[in-house]
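K.L.:
Pasting a structure below so you can have a look.
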Protein chains: 2
Amino acid sequence: MKNIILLLFPLFLFAQTKQSTEEQFRSIPSAKNLRDYMEHLSARPHHLGSAYDKENAEWLLGKFQEWGWDAHIENFYVLFPTPKERLVELTSPKKFALKLQEPIQPSDPTSKQLKEQLPTYNAYSIDGDVTAPLVYVNYGTPADYEQLDRLGISVKGCIVIARYGASWRGIKPKVAAEHGAVGCIIYSDPKDDGYVEGDVFPKGPMRNSDGVQRGSVMDMPIHPGDPLTPGIGATKNAKRLAMDKVDVFTKIPVLPISYGDAQPLLSELNGPIAPDAWRGGLPITYHIGPGDAKVHLKLVFNWNTVTLYDVIATMTGSDFPDEWIVRGNHHDAWVNGAEDPIAGLVSELEEARAFGELKKQGWKPKRTLVYCAWDGEEQGLLGSTEWVETHAEELKQKAVIYLNTDGNGRGYLHVSGSHSLESFMNSVAKDISDPETHLTVWKRLRAKRILDAASPKDRDEIRNRSDLKIGALGSGSDYTAFVDYLGIASFNMGYGGEDDGGIYHSIYDDFYWFTHFSDTDFVYGRALAQTAGTTVLRLADTELLPFSFTNLSETVKKYIEEIQTLVKNKQDEVKELNAKIDDGIYTATIDPKVKFIPPAKKEILPYINFAPLLNASDKLAQSADGYAKARTSFQSTDKQLVKSVNQKLIQTERSLIDENGLPNRPWFKHQLYAPGFYTGYGVKTIPAVREAIEQDQWKLAEEKIVSVAKVIENTAAVIDAAAAELEKSK
Amino acid sequence: MKNIILLLFPLFLFAQTKQSTEEQFRSIPSAKNLRDYMEHLSARPHHLGSAYDKENAEWLLGKFQEWGWDAHIENFYVLFPTPKERLVELTSPKKFALKLQEPIQPSDPTSKQLKEQLPTYNAYSIDGDVTAPLVYVNYGTPADYEQLDRLGISVKGCIVIARYGASWRGIKPKVAAEHGAVGCIIYSDPKDDGYVEGDVFPKGPMRNSDGVQRGSVMDMPIHPGDPLTPGIGATKNAKRLAMDKVDVFTKIPVLPISYGDAQPLLSELNGPIAPDAWRGGLPITYHIGPGDAKVHLKLVFNWNTVTLYDVIATMTGSDFPDEWIVRGNHHDAWVNGAEDPIAGLVSELEEARAFGELKKQGWKPKRTLVYCAWDGEEQGLLGSTEWVETHAEELKQKAVIYLNTDGNGRGYLHVSGSHSLESFMNSVAKDISDPETHLTVWKRLRAKRILDAASPKDRDEIRNRSDLKIGALGSGSDYTAFVDYLGIASFNMGYGGEDDGGIYHSIYDDFYWFTHFSDTDFVYGRALAQTAGTTVLRLADTELLPFSFTNLSETVKKYIEEIQTLVKNKQDEVKELNAKIDDGIYTATIDPKVKFIPPAKKEILPYINFAPLLNASDKLAQSADGYAKARTSFQSTDKQLVKSVNQKLIQTERSLIDENGLPNRPWFKHQLYAPGFYTGYGVKTIPAVREAIEQDQWKLAEEKIVSVAKVIENTAAVIDAAAAELEKSK
């Protein structure tokens, strides 16, 4: 008995010590501080280029320095158009102009800061002055235009009105322009974002009839960042593109409006009644047009270059100073931005203060922490992208991970990111306590997923899997350049799902709204600081980095299966379509009183050779198993060996990059994850192959199967090398 | 070659002759006549008990007689409450009274006949005067109240407001009363029946903000017909129940209102926000209540007995005068009723005129035709039920079939009814030309079903089956007493699906509406006369009745499989529910800011012995095969034999009756089809077993499996007897 006790004692001590630092860390973040920071940072509008944006950057700098961090502001000089003139008017059948203004709410103190508020608009719309018939295009996705084809409606020469939702906003003018539209209006329908969802502001949290969603419409699936400096940092003297060489502006003018402004436009439409799924929540019959309703849309912008303020704070690692744990959240907002982005930023700040506290007490991170507060995220991830492009070479060597947050709310943990750290992220979530139920946030999320499972099969999978799955990263926040451009393992996280909101990118996303309707006592802000901080701390201080590849290889296998199913479904659909046409099903069901253009026959899709991908996936699975075995019994105090293995582990994500990038968008280089070319934010996994198939480019799909297979085999080789090094040391 | 031609010649001649009479028949119905009849019959409000109801009956009598039919009016004396006082007012937080009035539309000439219009109300609501908090209960189905339980909301002592839809209207006050509500308001939500669906009247065909759906709320799943004379004809001297013994009145007062009237009530509700699926199309946030909003509902009725006018016209059969083909459509309406019921009645009239024409030319039906125009359908199938109850003994012996229509529109043929005539109905549909596409209506319907199939499996089944399936009969029109009370093979048919409408049971269901928005040129009215008339003609003149039982046995097999799946699903659901409770899934996902009562554990359901039903189903399949074989090569000129076999065929449907009726509702005797106790119109097949399982009555389910199996075996025996008689004659 005695011996056993003696043997266990040191292990117990070790666990005790490890827990202690983490527990100590998690005890520090304070709800009161989070609230105070938010009140300060959201006190005035602080968009890129504004006075308060700069003031906030300087205030953040001061805080990091006060907490013992080595901090500085890094400036970039970026193109940022702001409105000089905005006009939308109905010119026929009657004439009236839209308000285009979010009104002051007397109970909401910051809503009256009219002078500092950016007007409601979409950044990187081109200038334009068009008058044309109006057509309602639902969400304005490619599928919606297919439906318009069936109804015999062309948007050529028309202004389209699309509702927000289903795809990222920038996709709407892009697809509209591809179909010949000359202008694009985007509105928030109350069914998706308004009274249908809940009581509207200020009675409740939802979007009221005057609320407008601002936002960028830069063609970010091509590349994010400053439009004039793709691939390089927008430093003072960087070589810039001429305006007419820029490929990410919209092709047509585009403006967002409220549903209060949209209703009189939509009410004037005639033509066919919109299909069931197209009908929103306004008290009208939704028609598609075109017809009598003509709209005049005029937009003129100031195309200025403004100074951008990234705040970068560093705490150098004691053992592995050249291994960086990078953490970020943006500080700029469209207006006051209490939820987006400040609710996430304040957690990051409390993490920074907590690490400062630990440092004061003698602790030092083994790896270097780099805490960032980005500017210009809202315009197109400008601050993070320019910083990544500027420091690309150093980041490629040193960055272990990038951990992003962007706002926060009440509810469940959501994490998306690199699957080589999926198990690790599960281990973190198992150590965080949910502030409402006092269960672990992992257990609570698992319960929610079991409750919401789409099928018994899905439910059983959740019950039987030891790790909860994490989503893949698309785009929409500052992780994009890290993961997609450089191949740095990245995460995006936050809490949400229990608080509704309809103030996204409006003047009402402010301290009043947040403290009345969201995480009002900041307990989930505290949970986020604990979650992100524990992630950072554990990654910073664990000797051998906690990468593992079994979940990654499982995930890749699942993606390949999905794509095979996609091919099969497309084949079946075309076969069925052709059979229906041959059998006269469409002509038999035509209603002579309803215009309907039957679809044309399509070519039946060829079978595709998936063998290279399947072989690569098997190879990856073997390598993952090999690494798991090698790691199981690994013990070493040889710092050089650990450093060398870690370097290989860091490179596994880098090896998922293809330097040629994706077809037609070379800036996006990651071969497992990318934002969809026609979804914008929504992720496409194994995008080169999947999108080629979605777009019926069979030859390209087969080519990309070969090149992606090579990339996966390279990754397997890097994993093998890491495993071999571990085995050698045994 | 010569021989073959000679052999074929008589067959060809026979086919030719048969075609000729049918083709001659189908050439007679005239769109102009249909229009003229409709204009006349819908010229004034003609509800049960009104002056114009009687005038119409006399006009119809005259027409039948003019066309050579032996016709008479048969009177019944029925209880029919009409409003003396109607009041709905909000008493808190502010006070105002609802309009409860459908306004005149200047463009619509009959909408101004205020004096003759019945007010908007629900017939057979009890009198009442209640003031209570208001609660929104969605459609007011049992499932909706389960959801209310989860939200911790009781309707006890409250007035509920339910929207029309999902279940028959009479179910809403019934279920509300079961849950302790003291009053019930039913409104038409614009999402189900209003501007969300299309332009509203008079711009379009849909229900406008003042349109109200009148309708009966008699508890018809107990029994239809005069409330005072269940099971017997409401003749002058029939023995009537005392008012306090009636079991089909509502338990609480109930009134229908428009969405214009509903909006101010719903706007005042607070409490939880309604679940997603509960939200309608009004421009408000749907809350459930209860709260400040209190409503005063007062209803007083005149409980009068009125005279009912059924018009019955007979054309006696030459060969089989005691085999009756009964055809009906009601003539009474809630107001002017151009669509409901006149669009169907005018087709029946043209059939009657066409048979009169044929008769003038020397043709006579082999069987007796009985053409009926029912009164008092809208109140609870009064006219047909009282007639069936009065003539029950004669009908049991003589009725081959009852064929019902009730209104008509533009589009696809829909047929529901007895599956022993499914193949026959397919043969009719294959001979009717669609007026729009000039395909057969069978081919067009098949195309539509292929297009709309819910799954590839369903689609393949349609493609591979030689007959299109017909639905089973629930309730909602005059076939009910025929099929459910007496077991007479019955059908309900009509055209529709291409014309939208929102004028059901409102003053706007009139000649103006119909001729602007529905079957404006009456070509589908003509198609209905051709379809129903061909059905009648073919049934009247075919020597051996065209019953066949393969489709019936297939259908019974499918019903049993459905019920077995229902049991399996219920078992799985309870197991899963209990597992979730054991795992703490509900408590883990509670949001402390949202009231939620987790469900309680349930007993796991026992396995049930389906063997008796499965054995009976196999027996039925064998008998069906046997009859099919016996019939294949049958040829006989022995009238007595044919008569004897026909008598057995007629009795097959009768043998599906159990004289004890369904549990707790002995009036409903058919063991394959019945309206659902909690759906009202919607059918429940093998209802005794299915509803017992739905209501967790396991012992009853096992008992009913035995008794229904016996009924099916009896049917098999009748079929065997018919087959044996055919075989004997060979």
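FYI, nothing fancy with the structure tokens labels: chains A, B, ... in order, residues from 1 per chain, ligands from 1 as they appear.
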Considering only C-alpha atoms, extract the chain B residues located within 8 Å of chain A and return them as an MDAnalysis selection string.
P.N.:
chainID B and resid 195:199 273 276 279 281:286 411 436:437 439 443:444 447:448 450:451 498 584:586 588:589 591:592
K.L.:
Limited to C-alpha atoms, could you put the picked residues into a file as a short mmCIF file (atom, residue, chain, number, x, y, z; two decimals), in the first residue's frame?
P.N.:
data_model
loop_
_atom_site.label_atom_id
_atom_site.label_comp_id
_atom_site.auth_asym_id
_atom_site.auth_seq_id
_atom_site.Cartn_x
_atom_site.Cartn_y
_atom_site.Cartn_z
CA TYR B 195 -52.91 38.19 -47.58
CA VAL B 196 -49.96 35.89 -46.98
CA GLU B 197 -51.52 33.46 -49.47
CA GLY B 198 -52.46 35.99 -52.14
CA ASP B 199 -54.22 39.24 -52.94
CA ILE B 273 -43.64 34.62 -27.08
CA ASP B 276 -42.09 29.53 -34.05
CA ARG B 279 -46.73 32.55 -35.30
CA GLY B 281 -49.08 36.42 -40.51
CA LEU B 282 -50.23 39.48 -38.59
CA PRO B 283 -47.65 42.26 -38.22
CA ILE B 284 -47.27 41.69 -34.50
CA THR B 285 -45.18 39.62 -32.12
CA TYR B 286 -47.42 36.68 -31.18
CA GLY B 411 -57.39 22.05 -61.46
CA GLU B 436 -57.00 22.95 -70.02
CA THR B 437 -54.40 20.47 -71.24
CA LEU B 439 -54.83 15.16 -71.48
CA LYS B 443 -52.80 11.37 -66.66
CA ARG B 444 -52.70 14.93 -65.42
CA ALA B 447 -48.15 13.86 -63.39
CA LYS B 448 -48.99 16.16 -60.48
CA ILE B 450 -45.15 12.45 -59.48
CA LEU B 451 -44.13 16.11 -59.31
CA GLU B 498 -55.36 25.69 -59.29
CA GLY B 584 -30.88 15.33 -17.18
CA ILE B 585 -31.16 16.65 -20.72
CA TYR B 586 -34.19 18.85 -19.96
CA ALA B 588 -29.45 20.96 -18.39
CA THR B 589 -31.03 23.01 -21.13
CA ASP B 591 -32.94 28.82 -19.63
CA PRO B 592 -33.54 30.49 -16.25
#
K.L.:
What are the closest atom pairs, with distances in Å to one decimal, for each residue of segment 517-614 of chain A lying within 9 Å of segment 690-713 of chain A, using only C-alpha atoms, rows by chain and rising residue number, as a tab-separated table?
P.N.:
residue	atom	partner	partner_atom	distance
A:Ile563	CA	A:Arg690	CA	6.2
A:Leu566	CA	A:Ile693	CA	8.0
A:Val567	CA	A:Ile693	CA	7.0
A:Lys570	CA	A:Glu694	CA	8.6
A:Leu605	CA	A:Trp698	CA	8.0
A:Pro606	CA	A:Trp698	CA	7.7
A:Ile608	CA	A:Glu702	CA	6.7
A:Asn609	CA	A:Glu702	CA	6.7
A:Phe610	CA	A:Ile705	CA	6.8
A:Ala611	CA	A:Ile705	CA	8.6
A:Pro612	CA	A:Ala709	CA	5.7
A:Leu613	CA	A:Ala709	CA	4.7
A:Leu614	CA	A:Ala709	CA	8.0
K.L.:
Residual C-alpha RMSD for chain A onto chain B, least squares, all atoms in order?
P.N.:
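It is 0.2 Å.
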K.L.:
Find the spatial neighbours of Leu726 of chain B, counting only C-alpha atoms, within a cut-off of 8 Å - ignore same-chain residues fewer than 3 positions away - and output them as a list in words.
P.N.:
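My reading of the contact set: Ala630, Arg631, Phe634, Val645, Ala722, Ala723, Ser729 and Lys730 of chain B.
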K.L.:
For the residues in that selection, give me N, CA and C atoms as a JSON list (two decimals), in the first residue's frame.
P.N.:
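Result saved to part31.json:
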[["chain", "number", "residue", "atom", "x", "y", "z"],
["B", 630, "ALA", "N", -61.92, -15.45, -60.38],
["B", 630, "ALA", "CA", -63.27, -15.87, -60.74],
["B", 630, "ALA", "C", -63.88, -14.93, -61.77],
["B", 631, "ARG", "N", -63.55, -13.67, -61.63],
["B", 631, "ARG", "CA", -64.17, -12.67, -62.48],
["B", 631, "ARG", "C", -63.57, -12.64, -63.88],
["B", 634, "PHE", "N", -65.36, -14.65, -66.43],
["B", 634, "PHE", "CA", -66.80, -14.79, -66.22],
["B", 634, "PHE", "C", -67.60, -14.21, -67.38],
["B", 645, "VAL", "N", -75.00, -12.22, -57.48],
["B", 645, "VAL", "CA", -73.60, -11.84, -57.21],
["B", 645, "VAL", "C", -73.53, -10.35, -56.85],
["B", 722, "ALA", "N", -69.21, -14.46, -53.24],
["B", 722, "ALA", "CA", -69.42, -13.90, -54.58],
["B", 722, "ALA", "C", -68.57, -14.65, -55.60],
["B", 723, "ALA", "N", -67.30, -14.92, -55.23],
["B", 723, "ALA", "CA", -66.38, -15.61, -56.12],
["B", 723, "ALA", "C", -66.89, -17.02, -56.41],
["B", 729, "SER", "N", -70.81, -20.89, -61.94],
["B", 729, "SER", "CA", -71.54, -20.66, -63.20],
["B", 729, "SER", "C", -70.69, -20.99, -64.42],
["B", 730, "LYS", "N", -69.40, -21.19, -64.21],
["B", 730, "LYS", "CA", -68.52, -21.35, -65.37],
["B", 730, "LYS", "C", -68.71, -22.71, -66.04]]
K.L.:
Would you mind listing what lies within 12 Å of Val306 of chain A as number ranges by chain, with only C-alpha atoms counted and same-chain residues fewer than 5 positions away left out?
P.N.:
A: 47-51, 53-54, 75-82, 226, 234-236, 375-376, 379, 382-383
K.L.:
So that I can see what lies close to segment 651-664 of chain A, please list as a PyMOL selection string the residues with an atom at most 8 Å from it, counting only C-alpha atoms and leaving out residues fewer than 4 positions away in the same chain.
P.N.:
chain A and resi 222+396+484+486-489+647+668-672+687-688+711-712+714-715+718-719
K.L.:
DSSP on the backbone: what in segment 214-436 of chain B comes out alpha helix (DSSP H), as an MDAnalysis selection string?
P.N.:
chainID B and resid 259:267 344:360 377:380 382:390 392:398 422:429
K.L.:
Would you export the selected residues with C-alpha atoms as an mmCIF file, in the first residue's frame, please?
P.N.:
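Written out: result.cif:
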data_model
loop_
_atom_site.group_PDB
_atom_site.id
_atom_site.type_symbol
_atom_site.label_atom_id
_atom_site.label_comp_id
_atom_site.auth_asym_id
_atom_site.auth_seq_id
_atom_site.Cartn_x
_atom_site.Cartn_y
_atom_site.Cartn_z
ATOM 1 C CA TYR B 259 -58.234 38.815 -38.594
ATOM 2 C CA GLY B 260 -59.075 42.491 -38.634
ATOM 3 C CA ASP B 261 -60.956 41.911 -35.382
ATOM 4 C CA ALA B 262 -58.347 39.486 -34.004
ATOM 5 C CA GLN B 263 -55.333 41.765 -34.375
ATOM 6 C CA PRO B 264 -56.207 44.209 -31.572
ATOM 7 C CA LEU B 265 -56.911 41.287 -29.226
ATOM 8 C CA LEU B 266 -53.700 39.431 -30.051
ATOM 9 C CA SER B 267 -51.685 42.660 -29.842
ATOM 10 C CA GLY B 344 -70.916 21.255 -57.321
ATOM 11 C CA LEU B 345 -74.709 21.320 -57.418
ATOM 12 C CA VAL B 346 -74.843 22.851 -60.892
ATOM 13 C CA SER B 347 -72.766 19.944 -62.241
ATOM 14 C CA GLU B 348 -75.182 17.499 -60.648
ATOM 15 C CA LEU B 349 -78.007 19.383 -62.356
ATOM 16 C CA GLU B 350 -76.373 19.144 -65.750
ATOM 17 C CA GLU B 351 -75.914 15.413 -65.206
ATOM 18 C CA ALA B 352 -79.620 15.172 -64.390
ATOM 19 C CA ARG B 353 -80.512 17.153 -67.510
ATOM 20 C CA ALA B 354 -78.188 14.963 -69.612
ATOM 21 C CA PHE B 355 -79.785 11.756 -68.312
ATOM 22 C CA GLY B 356 -83.131 13.350 -69.095
ATOM 23 C CA GLU B 357 -81.933 13.988 -72.646
ATOM 24 C CA LEU B 358 -80.738 10.386 -73.040
ATOM 25 C CA LYS B 359 -84.035 9.158 -71.682
ATOM 26 C CA LYS B 360 -85.903 11.255 -74.224
ATOM 27 C CA GLU B 377 -75.582 20.413 -44.783
ATOM 28 C CA GLU B 378 -73.761 23.402 -43.325
ATOM 29 C CA GLN B 379 -75.281 22.970 -39.869
ATOM 30 C CA GLY B 380 -74.142 19.355 -39.535
ATOM 31 C CA LEU B 382 -78.716 17.538 -41.450
ATOM 32 C CA GLY B 383 -80.531 16.875 -44.723
ATOM 33 C CA SER B 384 -78.530 13.821 -45.789
ATOM 34 C CA THR B 385 -78.306 12.355 -42.288
ATOM 35 C CA GLU B 386 -82.022 12.645 -41.555
ATOM 36 C CA TRP B 387 -82.862 11.172 -44.962
ATOM 37 C CA VAL B 388 -80.439 8.262 -44.456
ATOM 38 C CA GLU B 389 -81.729 7.610 -40.936
ATOM 39 C CA THR B 390 -85.338 7.713 -42.207
ATOM 40 C CA ALA B 392 -82.014 3.224 -43.496
ATOM 41 C CA GLU B 393 -83.597 -0.179 -44.067
ATOM 42 C CA GLU B 394 -84.327 0.407 -47.738
ATOM 43 C CA LEU B 395 -80.906 1.920 -48.369
ATOM 44 C CA LYS B 396 -79.121 -0.992 -46.695
ATOM 45 C CA GLN B 397 -80.733 -3.299 -49.215
ATOM 46 C CA LYS B 398 -80.677 -1.216 -52.343
ATOM 47 C CA GLU B 422 -60.622 2.296 -56.564
ATOM 48 C CA SER B 423 -59.797 0.524 -59.822
ATOM 49 C CA PHE B 424 -63.200 1.429 -61.203
ATOM 50 C CA MET B 425 -62.723 5.127 -60.365
ATOM 51 C CA ASN B 426 -59.357 5.010 -62.137
ATOM 52 C CA SER B 427 -61.082 3.634 -65.231
ATOM 53 C CA VAL B 428 -63.485 6.589 -65.190
ATOM 54 C CA ALA B 429 -60.706 9.155 -64.745
#
K.L.:
Quick one: residues within 9 Å of Gln101 of chain B, only C-alpha atoms counted, chain neighbours fewer than 6 positions away excluded, as a ChimeraX atom specification?
P.N.:
/B:119-120,210-212,257-258
K.L.:
Selected residues, C-alpha atoms, written as an mmCIF file, in the first residue's frame, please.
P.N.:
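Saved to again32.cif:
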data_model
loop_
_atom_site.group_PDB
_atom_site.id
_atom_site.type_symbol
_atom_site.label_atom_id
_atom_site.label_comp_id
_atom_site.auth_asym_id
_atom_site.auth_seq_id
_atom_site.Cartn_x
_atom_site.Cartn_y
_atom_site.Cartn_z
ATOM 1 C CA PRO B 119 -74.468 37.037 -39.043
ATOM 2 C CA THR B 120 -70.965 35.630 -38.520
ATOM 3 C CA ASP B 210 -63.049 41.535 -42.423
ATOM 4 C CA GLY B 211 -63.884 38.132 -43.875
ATOM 5 C CA VAL B 212 -65.169 35.586 -41.374
ATOM 6 C CA ILE B 257 -63.987 36.491 -36.002
ATOM 7 C CA SER B 258 -61.954 38.086 -38.795
#
K.L.:
Which residue, B:Gly417, B:Gly128, B:Gly165, B:Gly215, has the smallest gap to Ala333 of chain B when you use only C-alpha atoms?
P.N.:
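Checking each of B:Gly417, B:Gly128, B:Gly165, B:Gly215 against Ala333 of chain B, counting only C-alpha atoms, the winner is B:Gly215.
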K.L.:
Separation of atom CA of Arg26 of chain B and atom CA of Gly533 of chain B, in Å?
P.N.:
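Separating atom CA of Arg26 of chain B from atom CA of Gly533 of chain B is a distance of 7.7 Å.
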K.L.:
May I have the residues within 6 Å of segment 327-331 of chain B as a PyMOL selection string, using only C-alpha atoms and disregarding those fewer than 6 positions away in the same chain?
P.N.:
chain B and resi 345+371-375+402-406
K.L.:
Can you check which residues of segment 204-424 of chain A DSSP gives as strand (DSSP E) on the backbone and send them as JSON, numbers by chain?
P.N.:
{"A": [215, 216, 254, 255, 256, 257, 294, 295, 296, 297, 298, 299, 300, 301, 302, 303, 304, 305, 306, 307, 308, 309, 310, 311, 312, 313, 314, 315, 320, 321, 322, 323, 324, 325, 326, 327, 328, 329, 330, 367, 368, 369, 370, 371, 372, 373, 374, 399, 400, 401, 402, 403, 404, 411, 412, 413, 414, 415, 416, 417]}
